[in-house]
>>> print(open('target-v1.cif').read())   # mmCIF, C-alpha atoms
data_run
#
loop_
_atom_site.label_atom_id
_atom_site.label_comp_id
_atom_site.auth_asym_id
_atom_site.auth_seq_id
_atom_site.Cartn_x
_atom_site.Cartn_y
_atom_site.Cartn_z
CA MET A 1474 0.00 0.00 0.00
CA ALA A 1475 1.25 3.40 -0.89
CA SER A 1476 -0.15 6.42 0.54
CA THR A 1477 -2.14 9.06 -0.82
CA GLY A 1478 -2.24 12.70 -0.70
CA ALA A 1479 -4.33 14.64 -3.18
CA LEU A 1480 -7.63 14.76 -1.48
CA SER A 1481 -11.18 15.29 -2.61
CA GLY A 1482 -10.85 18.16 -5.03
CA THR A 1483 -7.37 19.11 -3.77
CA GLY A 1484 -3.82 18.56 -4.82
CA SER A 1485 -1.78 21.49 -3.62
CA GLY A 1486 -2.39 20.56 0.02
CA LEU A 1487 -1.08 17.02 -0.53
CA SER A 1488 2.58 18.01 -0.70
CA GLY A 1489 2.21 19.73 2.67
CA LEU A 1490 0.30 16.82 4.21
CA LEU A 1491 2.88 14.13 3.67
CA ARG A 1492 6.66 14.15 3.99
CA LEU A 1493 7.85 12.20 1.01
CA HIS A 1494 11.15 10.48 0.63
CA ARG A 1495 12.74 10.19 -2.76
CA THR A 1496 14.88 7.16 -3.46
CA ALA A 1497 17.25 6.54 -6.30
CA ARG A 1498 15.76 4.33 -8.96
CA GLU A 1499 18.79 3.74 -11.16
CA PRO A 1500 19.57 0.10 -11.98
CA THR A 1501 22.20 -1.47 -9.77
CA PHE A 1502 25.21 -3.08 -11.39
CA ALA A 1503 27.14 -5.60 -9.34
CA ALA A 1504 30.63 -5.84 -10.77
CA PHE A 1505 32.92 -8.63 -9.72
CA ALA A 1506 36.66 -7.95 -9.70
CA THR A 1507 38.57 -9.95 -12.26
CA THR A 1508 42.04 -11.31 -11.79
CA ARG A 1509 44.20 -11.79 -14.84
CA PRO A 1510 45.94 -15.16 -15.14
CA ALA A 1511 49.71 -15.30 -15.09
CA GLY A 1512 51.16 -13.98 -18.29
CA SER A 1513 49.93 -11.17 -20.48
CA VAL A 1514 46.22 -11.52 -21.20
CA THR A 1515 45.20 -8.56 -23.31
CA ASP A 1516 42.19 -8.11 -25.58
CA GLY A 1517 42.09 -11.76 -26.45
CA GLY A 1518 39.22 -12.21 -23.95
CA ASN A 1519 38.53 -13.49 -20.45
CA LEU A 1520 39.12 -16.99 -19.29
CA ILE A 1521 35.72 -18.67 -18.91
CA TRP A 1522 35.79 -21.30 -16.21
CA GLY A 1523 34.68 -24.74 -17.37
CA ARG A 1524 33.57 -23.57 -20.83
CA GLN A 1525 36.24 -22.44 -23.26
CA LEU A 1526 39.85 -21.42 -23.53
CA ARG A 1527 40.57 -18.96 -26.31
CA PRO A 1528 43.59 -19.71 -28.54
CA ALA A 1529 45.09 -16.27 -27.96
CA ILE A 1530 45.23 -16.94 -24.23
CA LEU A 1531 46.77 -20.38 -24.76
CA LEU A 1532 49.50 -18.94 -26.93
CA GLU A 1533 50.33 -16.27 -24.38
CA ARG A 1534 50.32 -18.76 -21.48
CA SER A 1535 52.52 -21.23 -23.38
CA ALA A 1536 55.51 -18.93 -22.93
CA VAL A 1537 55.17 -18.74 -19.17
CA PRO A 1538 56.77 -22.08 -18.16
CA ALA A 1539 59.89 -21.24 -20.16
CA ARG A 1540 60.53 -18.10 -18.16
CA ILE A 1541 59.44 -19.14 -14.62
CA PRO A 1542 61.27 -21.78 -12.53
CA ALA A 1543 59.43 -24.96 -11.64
CA GLY A 1544 59.00 -24.04 -8.00
CA ARG A 1545 57.54 -20.65 -8.81
CA ARG A 1546 55.38 -22.25 -11.49
CA ASP A 1547 53.72 -24.55 -8.92
CA LEU A 1548 53.00 -21.58 -6.69
CA LEU A 1549 51.35 -19.67 -9.52
CA ARG A 1550 49.02 -22.47 -10.60
CA PRO A 1551 46.67 -22.30 -7.58
CA VAL A 1552 46.50 -18.53 -7.91
CA SER A 1553 45.50 -18.75 -11.55
CA ALA A 1554 42.97 -21.44 -10.79
CA ALA A 1555 41.48 -19.43 -7.97
CA ALA A 1556 41.23 -16.40 -10.20
CA SER A 1557 39.36 -18.34 -12.84
CA SER A 1558 37.10 -20.30 -10.49
CA PRO A 1559 33.51 -19.18 -9.93
CA ALA A 1560 32.95 -16.79 -7.03
CA ASP A 1561 29.85 -16.78 -4.85
CA GLY A 1562 28.03 -19.29 -6.98
CA SER A 1563 28.76 -17.43 -10.25
CA ASP A 1564 29.84 -19.33 -13.31
CA SER A 1565 31.86 -16.42 -14.69
CA ALA A 1566 34.45 -14.65 -12.57
CA GLY A 1567 36.27 -13.03 -15.47
CA GLU A 1568 33.18 -11.19 -16.71
CA ALA A 1569 31.35 -8.36 -14.96
CA GLN A 1570 27.87 -9.54 -14.06
CA VAL A 1571 24.81 -7.31 -14.33
CA ALA A 1572 21.88 -7.61 -11.90
CA PRO A 1573 18.45 -8.05 -13.53
CA VAL A 1574 16.94 -4.68 -14.43
CA SER A 1575 13.32 -4.21 -13.39
CA PHE A 1576 10.70 -2.90 -15.81
CA ALA A 1577 10.31 0.26 -13.71
CA ALA A 1578 14.05 0.98 -13.92
CA LYS A 1579 14.20 0.18 -17.63
CA TYR A 1580 11.17 2.25 -18.62
CA PRO A 1581 10.73 4.97 -15.93
CA ALA A 1582 8.80 7.30 -18.26
CA LEU A 1583 6.19 4.62 -19.00
CA VAL A 1584 5.75 3.84 -15.30
CA THR A 1585 5.39 7.53 -14.40
CA GLY A 1586 2.90 7.96 -17.23
CA PHE A 1587 0.92 5.02 -15.88
CA PHE A 1588 0.82 6.61 -12.43
CA PHE A 1589 -0.49 9.87 -13.91
CA PHE A 1590 -3.11 8.00 -15.94
CA MET A 1591 -4.36 6.01 -12.94
CA TRP A 1592 -4.37 9.12 -10.75
CA TYR A 1593 -6.57 10.96 -13.28
CA PHE A 1594 -8.73 7.93 -14.01
CA LEU A 1595 -9.47 7.12 -10.36
CA ASN A 1596 -10.12 10.78 -9.56
CA VAL A 1597 -12.59 11.18 -12.42
CA ILE A 1598 -14.38 7.91 -11.53
CA PHE A 1599 -14.57 8.94 -7.87
CA ASN A 1600 -16.11 12.33 -8.64
CA ILE A 1601 -18.67 10.91 -11.07
CA LEU A 1602 -19.70 8.01 -8.83
CA ASN A 1603 -19.77 10.30 -5.79
CA LYS A 1604 -22.17 12.70 -7.52
CA LYS A 1605 -24.38 9.85 -8.74
CA ILE A 1606 -24.75 8.67 -5.15
CA TYR A 1607 -25.76 12.15 -4.03
CA ASN A 1608 -28.43 12.24 -6.73
CA TYR A 1609 -30.35 9.47 -4.91
CA PHE A 1610 -28.79 9.62 -1.43
CA PRO A 1611 -28.12 13.29 -0.44
CA TYR A 1612 -26.37 12.69 2.87
CA PRO A 1613 -22.80 14.05 2.53
CA TYR A 1614 -21.83 13.64 6.19
CA PHE A 1615 -22.63 9.93 6.14
CA VAL A 1616 -20.97 9.42 2.74
CA SER A 1617 -17.84 11.21 4.03
CA VAL A 1618 -17.70 8.70 6.88
CA VAL A 1619 -18.00 5.88 4.35
CA HIS A 1620 -15.09 7.29 2.32
CA LEU A 1621 -12.82 7.33 5.34
CA SER A 1622 -14.11 4.01 6.72
CA VAL A 1623 -13.26 2.09 3.57
CA GLY A 1624 -9.81 3.66 3.54
CA VAL A 1625 -9.21 2.82 7.20
CA VAL A 1626 -10.24 -0.80 6.65
CA TYR A 1627 -7.87 -0.91 3.68
CA CYS A 1628 -5.04 0.40 5.89
CA LEU A 1629 -5.78 -2.06 8.70
CA VAL A 1630 -5.80 -5.03 6.32
CA SER A 1631 -2.52 -3.82 4.79
CA TRP A 1632 -0.98 -3.54 8.25
CA SER A 1633 -2.17 -7.02 9.16
CA VAL A 1634 -0.27 -8.56 6.24
CA GLY A 1635 2.77 -6.32 6.74
CA LEU A 1636 2.35 -4.19 3.62
CA PRO A 1637 3.60 -1.88 4.97
CA LYS A 1638 4.73 -2.64 8.49
CA ARG A 1639 2.84 -0.45 10.94
CA ALA A 1640 4.93 2.39 12.31
CA PRO A 1641 4.75 2.94 16.10
CA MET A 1642 2.71 5.85 17.43
CA ASP A 1643 3.51 7.82 20.59
CA SER A 1644 1.67 10.56 22.47
CA ASN A 1645 3.89 13.36 21.15
CA LEU A 1646 3.32 12.42 17.53
CA LEU A 1647 -0.39 11.97 18.19
CA LYS A 1648 -0.62 15.54 19.53
CA LEU A 1649 1.00 16.81 16.34
CA LEU A 1650 -1.25 14.80 14.04
CA ILE A 1651 -4.60 15.61 15.69
CA PRO A 1652 -4.81 19.22 14.33
CA VAL A 1653 -3.84 17.95 10.86
CA ALA A 1654 -6.48 15.23 10.97
CA VAL A 1655 -9.18 17.59 12.26
CA CYS A 1656 -8.57 20.02 9.38
CA HIS A 1657 -8.46 17.07 7.00
CA ALA A 1658 -11.84 15.85 8.28
CA LEU A 1659 -13.45 19.31 8.11
CA GLY A 1660 -12.14 19.94 4.60
CA HIS A 1661 -13.28 16.53 3.40
CA VAL A 1662 -16.80 16.85 4.81
CA THR A 1663 -17.36 20.37 3.52
CA SER A 1664 -16.07 19.35 0.10
CA ASN A 1665 -18.69 16.61 -0.01
CA VAL A 1666 -21.41 19.01 1.14
CA SER A 1667 -20.45 21.21 -1.81
CA PHE A 1668 -20.41 18.27 -4.24
CA ALA A 1669 -23.89 17.27 -3.08
CA ALA A 1670 -25.29 20.81 -3.39
CA VAL A 1671 -23.89 22.01 -6.75
CA ALA A 1672 -22.53 20.61 -9.99
CA VAL A 1673 -19.15 18.84 -9.71
CA SER A 1674 -17.67 21.18 -12.32
CA PHE A 1675 -18.70 24.26 -10.35
CA ALA A 1676 -17.47 22.83 -7.03
CA HIS A 1677 -14.03 22.21 -8.55
CA THR A 1678 -14.02 25.69 -10.03
CA ILE A 1679 -14.56 27.16 -6.55
CA LYS A 1680 -11.88 24.89 -5.12
CA ALA A 1681 -9.45 26.34 -7.63
CA LEU A 1682 -9.26 29.25 -5.15
CA GLU A 1683 -7.31 27.08 -2.69
CA PRO A 1684 -3.90 28.50 -3.79
CA PHE A 1685 -5.17 31.99 -2.93
CA PHE A 1686 -5.98 30.90 0.63
CA ASN A 1687 -2.60 29.13 0.90
CA ALA A 1688 -0.77 32.28 -0.13
CA ALA A 1689 -2.81 34.43 2.25
CA ALA A 1690 -2.16 32.08 5.16
CA SER A 1691 1.56 31.95 4.40
CA GLN A 1692 1.76 35.75 4.27
CA PHE A 1693 -0.44 36.74 7.21
CA ILE A 1694 -0.31 33.72 9.54
CA LEU A 1695 3.13 32.19 9.02
CA GLY A 1696 4.75 35.54 8.26
CA GLN A 1697 6.35 34.33 5.03
CA GLN A 1698 6.90 36.96 2.37
CA ILE A 1699 5.00 36.07 -0.80
CA PRO A 1700 6.55 37.56 -3.97
CA PHE A 1701 4.45 40.01 -5.93
CA ALA A 1702 4.62 37.77 -9.03
CA LEU A 1703 2.89 34.99 -7.08
CA TRP A 1704 0.13 37.34 -5.90
CA LEU A 1705 -0.27 38.63 -9.45
CA SER A 1706 -0.73 35.08 -10.77
CA LEU A 1707 -3.68 34.61 -8.39
CA ALA A 1708 -5.62 37.54 -9.88
CA PRO A 1709 -7.00 35.51 -12.83
CA VAL A 1710 -7.97 32.72 -10.42
CA VAL A 1711 -10.11 35.03 -8.30
CA PHE A 1712 -11.51 36.78 -11.37
CA GLY A 1713 -12.30 33.50 -13.15
CA VAL A 1714 -14.08 31.95 -10.17
CA SER A 1715 -16.11 35.13 -9.64
CA MET A 1716 -17.05 35.25 -13.30
CA ALA A 1717 -18.11 31.58 -13.32
CA SER A 1718 -20.14 31.94 -10.13
CA LEU A 1719 -22.27 34.83 -11.41
CA THR A 1720 -23.94 32.76 -14.13
CA GLU A 1721 -23.59 29.19 -12.80
CA LEU A 1722 -26.97 27.47 -13.27
CA SER A 1723 -26.51 25.17 -10.26
CA PHE A 1724 -25.31 27.93 -7.94
CA ASN A 1725 -26.52 27.96 -4.34
CA TRP A 1726 -24.97 29.42 -1.23
CA THR A 1727 -24.66 26.09 0.60
CA GLY A 1728 -22.44 24.67 -2.11
CA PHE A 1729 -20.43 27.87 -2.52
CA ILE A 1730 -19.80 28.47 1.21
CA SER A 1731 -18.99 24.79 1.83
CA ALA A 1732 -16.38 24.79 -0.93
CA MET A 1733 -14.85 27.96 0.51
CA ILE A 1734 -14.71 26.41 4.00
CA SER A 1735 -13.00 23.34 2.55
CA ASN A 1736 -10.38 25.64 0.97
CA ILE A 1737 -9.72 27.28 4.33
CA SER A 1738 -9.62 23.90 6.10
CA PHE A 1739 -7.10 22.43 3.69
CA THR A 1740 -5.02 25.61 4.02
CA TYR A 1741 -4.82 25.18 7.79
CA ARG A 1742 -4.11 21.50 7.29
CA SER A 1743 -1.04 22.52 5.28
CA ILE A 1744 0.04 24.90 8.05
CA TYR A 1745 -0.26 22.25 10.76
CA SER A 1746 1.42 19.69 8.52
CA LYS A 1747 4.55 21.84 8.41
CA LYS A 1748 4.61 21.84 12.22
CA ALA A 1749 4.03 18.09 12.36
CA MET A 1750 6.89 17.05 10.08
CA THR A 1751 7.97 13.53 11.02
CA ASP A 1752 10.26 10.81 9.75
CA MET A 1753 7.32 8.40 9.48
CA ASP A 1754 6.74 7.16 5.94
CA SER A 1755 3.88 8.70 3.98
CA THR A 1756 1.79 5.52 3.90
CA ASN A 1757 1.66 5.11 7.67
CA LEU A 1758 1.23 8.84 8.17
CA TYR A 1759 -1.81 9.01 5.92
CA ALA A 1760 -3.26 5.90 7.58
CA TYR A 1761 -3.07 7.46 11.05
CA ILE A 1762 -4.53 10.75 9.79
CA SER A 1763 -7.41 8.84 8.17
CA ILE A 1764 -8.17 7.00 11.40
CA ILE A 1765 -8.24 10.20 13.46
CA ALA A 1766 -10.29 11.99 10.78
CA LEU A 1767 -12.83 9.15 10.78
CA ILE A 1768 -13.27 9.47 14.54
CA VAL A 1769 -13.83 13.21 14.09
CA CYS A 1770 -16.40 12.75 11.29
CA ILE A 1771 -18.63 10.14 12.97
CA PRO A 1772 -20.30 12.34 15.68
CA PRO A 1773 -21.57 15.11 13.31
CA ALA A 1774 -22.82 12.48 10.86
CA ILE A 1775 -24.85 10.81 13.64
CA ILE A 1776 -26.14 14.10 15.06
CA LEU A 1777 -26.97 15.89 11.80
CA GLU A 1778 -28.09 13.01 9.59
CA GLY A 1779 -28.68 10.03 11.89
CA PRO A 1780 -32.42 10.58 12.57
CA GLN A 1781 -33.20 11.24 8.88
CA LEU A 1782 -31.24 8.20 7.78
CA LEU A 1783 -33.12 5.93 10.18
CA GLN A 1784 -36.52 7.38 9.28
CA HIS A 1785 -36.35 7.43 5.50
CA GLY A 1786 -32.79 7.97 4.16
CA PHE A 1787 -31.74 4.33 3.79
CA LYS A 1788 -35.25 3.26 2.83
CA ASP A 1789 -35.52 5.81 0.00
CA ALA A 1790 -32.13 4.85 -1.41
CA VAL A 1791 -32.99 1.15 -1.43
CA VAL A 1792 -36.31 1.84 -3.14
CA LYS A 1793 -34.54 3.82 -5.86
CA VAL A 1794 -31.56 1.55 -6.62
CA GLY A 1795 -31.86 -1.59 -4.44
CA TRP A 1796 -29.66 -2.85 -1.61
CA THR A 1797 -27.02 -4.43 -3.84
CA LYS A 1798 -26.28 -1.32 -5.89
CA PHE A 1799 -26.52 0.94 -2.83
CA ILE A 1800 -23.95 -1.05 -0.86
CA SER A 1801 -21.65 -1.58 -3.86
CA ASP A 1802 -21.74 2.12 -4.76
CA LEU A 1803 -20.76 3.11 -1.21
CA PHE A 1804 -17.94 0.56 -1.12
CA TRP A 1805 -16.47 1.49 -4.48
CA VAL A 1806 -16.69 5.25 -3.96
CA GLY A 1807 -14.74 4.79 -0.71
CA MET A 1808 -12.19 2.57 -2.42
CA PHE A 1809 -11.72 5.00 -5.32
CA TYR A 1810 -11.34 7.86 -2.85
CA HIS A 1811 -8.56 6.08 -0.99
CA LEU A 1812 -6.78 4.75 -4.08
CA TYR A 1813 -6.70 8.03 -5.97
CA ASN A 1814 -5.12 9.69 -2.95
CA GLN A 1815 -2.57 6.87 -2.86
CA LEU A 1816 -1.77 7.32 -6.54
CA ALA A 1817 -1.44 11.09 -6.09
CA THR A 1818 1.20 10.50 -3.41
CA ASN A 1819 3.01 7.87 -5.49
CA THR A 1820 3.08 10.23 -8.46
CA LEU A 1821 4.48 13.07 -6.34
CA GLU A 1822 7.26 10.74 -5.17
CA ARG A 1823 8.28 10.00 -8.77
CA VAL A 1824 8.35 13.48 -10.28
CA ALA A 1825 9.59 16.98 -9.52
CA PRO A 1826 7.22 19.40 -7.74
CA LEU A 1827 6.82 21.44 -10.92
CA THR A 1828 5.69 18.41 -12.92
CA HIS A 1829 3.29 17.42 -10.18
CA ALA A 1830 1.86 20.94 -9.95
CA VAL A 1831 1.16 21.04 -13.67
CA GLY A 1832 -0.29 17.52 -13.49
CA ASN A 1833 -2.61 18.56 -10.69
CA VAL A 1834 -3.97 21.45 -12.76
CA LEU A 1835 -4.58 19.11 -15.70
CA LYS A 1836 -6.32 16.70 -13.35
CA ARG A 1837 -8.80 19.40 -12.39
CA VAL A 1838 -9.43 20.08 -16.07
CA PHE A 1839 -10.12 16.37 -16.64
CA VAL A 1840 -12.52 16.18 -13.69
CA ILE A 1841 -14.45 19.28 -14.77
CA GLY A 1842 -14.62 18.16 -18.41
CA PHE A 1843 -15.67 14.58 -17.77
CA SER A 1844 -18.23 15.58 -15.13
CA ILE A 1845 -19.90 17.92 -17.63
CA ILE A 1846 -20.02 15.09 -20.18
CA ALA A 1847 -21.19 12.44 -17.69
CA PHE A 1848 -24.03 14.48 -16.22
CA GLY A 1849 -24.87 16.59 -19.26
CA ASN A 1850 -24.55 19.78 -17.22
CA LYS A 1851 -25.51 22.89 -19.10
CA ILE A 1852 -23.16 25.79 -18.56
CA THR A 1853 -23.36 29.34 -19.84
CA MET A 1854 -20.67 30.86 -22.02
CA GLN A 1855 -19.63 33.14 -19.15
CA THR A 1856 -19.29 30.21 -16.75
CA GLY A 1857 -17.15 28.30 -19.24
CA ILE A 1858 -14.87 31.27 -19.88
CA GLY A 1859 -14.57 31.99 -16.14
CA THR A 1860 -13.65 28.37 -15.43
CA CYS A 1861 -10.95 28.44 -18.11
CA ILE A 1862 -9.50 31.69 -16.76
CA ALA A 1863 -9.40 30.26 -13.23
CA ILE A 1864 -7.64 27.07 -14.40
CA VAL A 1865 -5.06 29.07 -16.37
CA GLY A 1866 -4.44 31.20 -13.28
CA VAL A 1867 -3.89 28.09 -11.14
CA ALA A 1868 -1.47 26.75 -13.75
CA ILE A 1869 0.56 29.98 -13.72
CA TYR A 1870 0.58 30.08 -9.91
CA SER A 1871 1.65 26.42 -9.66
CA TYR A 1872 4.45 26.97 -12.18
CA ILE A 1873 5.84 30.05 -10.42
CA LYS A 1874 5.62 28.46 -6.97
CA ALA A 1875 7.27 25.22 -8.07
CA LYS A 1876 10.10 27.14 -9.75
CA MET A 1877 10.66 29.16 -6.57
CA GLU A 1878 10.83 26.00 -4.46
CA GLU A 1879 13.26 24.42 -6.91
CA GLU A 1880 15.53 27.47 -6.75
CA LYS A 1881 15.47 27.36 -2.93
CA ARG A 1882 16.53 23.70 -2.96
CA GLN A 1883 19.34 24.41 -5.40
CA MET A 1884 20.60 27.26 -3.20
CA LYS A 1885 20.62 25.00 -0.14
CA THR A 1886 22.50 22.24 -1.91
CA ALA A 1887 24.98 24.63 -3.57
#
>>> encode(input="target-v1.cif", output="structure tokens")
Amino acid sequence: MASTGALSGTGSGLSGLLRLHRTAREPTFAAFATTRPAGSVTDGGNLIWGRQLRPAILLERSAVPARIPAGRRDLLRPVSAAASSPADGSDSAGEAQVAPVSFAAKYPALVTGFFFFMWYFLNVIFNILNKKIYNYFPYPYFVSVVHLSVGVVYCLVSWSVGLPKRAPMDSNLLKLLIPVAVCHALGHVTSNVSFAAVAVSFAHTIKALEPFFNAAASQFILGQQIPFALWLSLAPVVFGVSMASLTELSFNWTGFISAMISNISFTYRSIYSKKAMTDMDSTNLYAYISIIALIVCIPPAIILEGPQLLQHGFKDAVVKVGWTKFISDLFWVGMFYHLYNQLATNTLERVAPLTHAVGNVLKRVFVIGFSIIAFGNKITMQTGIGTCIAIVGVAIYSYIKAKMEEEKRQMKTA
């Protein structure tokens, strides 16, 4: 199991949520030292133990006994034999041996491309299936609990089989992770409230404002100086979202305000994540955050939606689609939610931040485009133009920010 990071409708907060470790992926070559036999063995070839003896080597070795006394000759024979005998179970000591090269090491671009494809695919499927569930079961608090529950079960099963081995948890680390998990839970729930209330395309357009909130928090809460160029790149994002909102056919204040709260929540999650940096691997870290977030999400789901669910919520859903489809939809939407977050994290581990930032913008474009096709949402010309402007603004912001981070890393390593 690999962890996740991009969350429902988010990607920029993922890099702050998890501390990722890059590992070298170059193929490993195990070279065995070769010992030349007595005499001058040049480009005639290596002596292959038990297989062949090249004529050039025989001719060169034939002159050795004439120059070396008998006593010395006997001493040299074991050395030559030892040099040509197999070492460590190898049948060729004179030749450098190459370890098998894995497919991932041989074709890294193909593997990275596969990760991007699966990340996009799972994200699009999650958003479409999630919205279809809300069309016949409009209970976002309960569905949010299902998302996290399926992921937690997945993590527990993975721990039970040792993939990966569960990392120990102590009270100090728990105190650091609780604020992160609470913000994660709040952002996840409010995102789902927005998805249930408005069109998926519009919800993702609003969530494109998340970089603006991140920049504001960094400037006014963390005290970090944000360059003017970065602020300037956010202007088209704000303008595009405002333009799209004015003529969005599915607009309502519940969906709009919920999406804005999710942006703020994920911003604070990023802030607390920086304070909770740990050496724990990303998979275990995300598992613990999911468990804590699930515990946080259960009480409001019971209080706000429990009575309605018991009275008619479950009954209405079963009447509309049947028990089998209802249960399978809830299971698969939770599984897709967890897996696409995993793939987002795996992709971030394989590429540079700039590549991941651009990929995250393209992912949002895919989600918006496919959701419009899947649900046949009608959008006005102004909404379409505003959405495009907002996405372009996010792309410019992501590019500038990633370049700045890359320059900082180069300065530290210089």
>>> closest_residue(input="target-v1.cif", among="A:Ala1681, A:Leu1707, A:Val1666, A:Leu1602", to="Lys1874 in chain A", atoms="all atoms listed in the file")
A:Leu1707
>>> atom_distance(input="target-v1.cif", atom1="CA of Pro1709 in chain A", atom2="CA of Ala1688 in chain A")
14.5 Å
>>> closest_atom_pairs(input="target-v1.cif", of="range 1689-1803 of chain A", to="range 1807-1812 of chain A", cutoff="12 Å", atoms="all atoms listed in the file", output="CSV")
residue,atom,partner,partner_atom,distance
A:Thr1756,CA,A:His1811,CA,11.5
A:Tyr1759,CA,A:His1811,CA,10.1
A:Ala1760,CA,A:His1811,CA,10.1
A:Ser1763,CA,A:His1811,CA,9.6
A:Ile1800,CA,A:Gly1807,CA,10.9
A:Ser1801,CA,A:Gly1807,CA,9.9
A:Asp1802,CA,A:Gly1807,CA,8.5
A:Leu1803,CA,A:Gly1807,CA,6.3
>>> closest_residue(input="target-v1.cif", among="A:Asn1603, A:Ser1738, A:Gln1692, A:Ser1715", to="Ala1863 in chain A", atoms="all atoms listed in the file")
A:Ser1715
>>> atom_distance(input="target-v1.cif", atom1="CA of Thr1820 in chain A", atom2="CA of Thr1585 in chain A")
6.9 Å
>>> atom_distance(input="target-v1.cif", atom1="CA of His1657 in chain A", atom2="CA of Met1877 in chain A")
26.4 Å
>>> closest_residue(input="target-v1.cif", among="A:Tyr1607, A:Phe1843, A:Phe1615, A:Phe1668", to="Phe1724 in chain A", atoms="only C-alpha atoms")
A:Phe1668
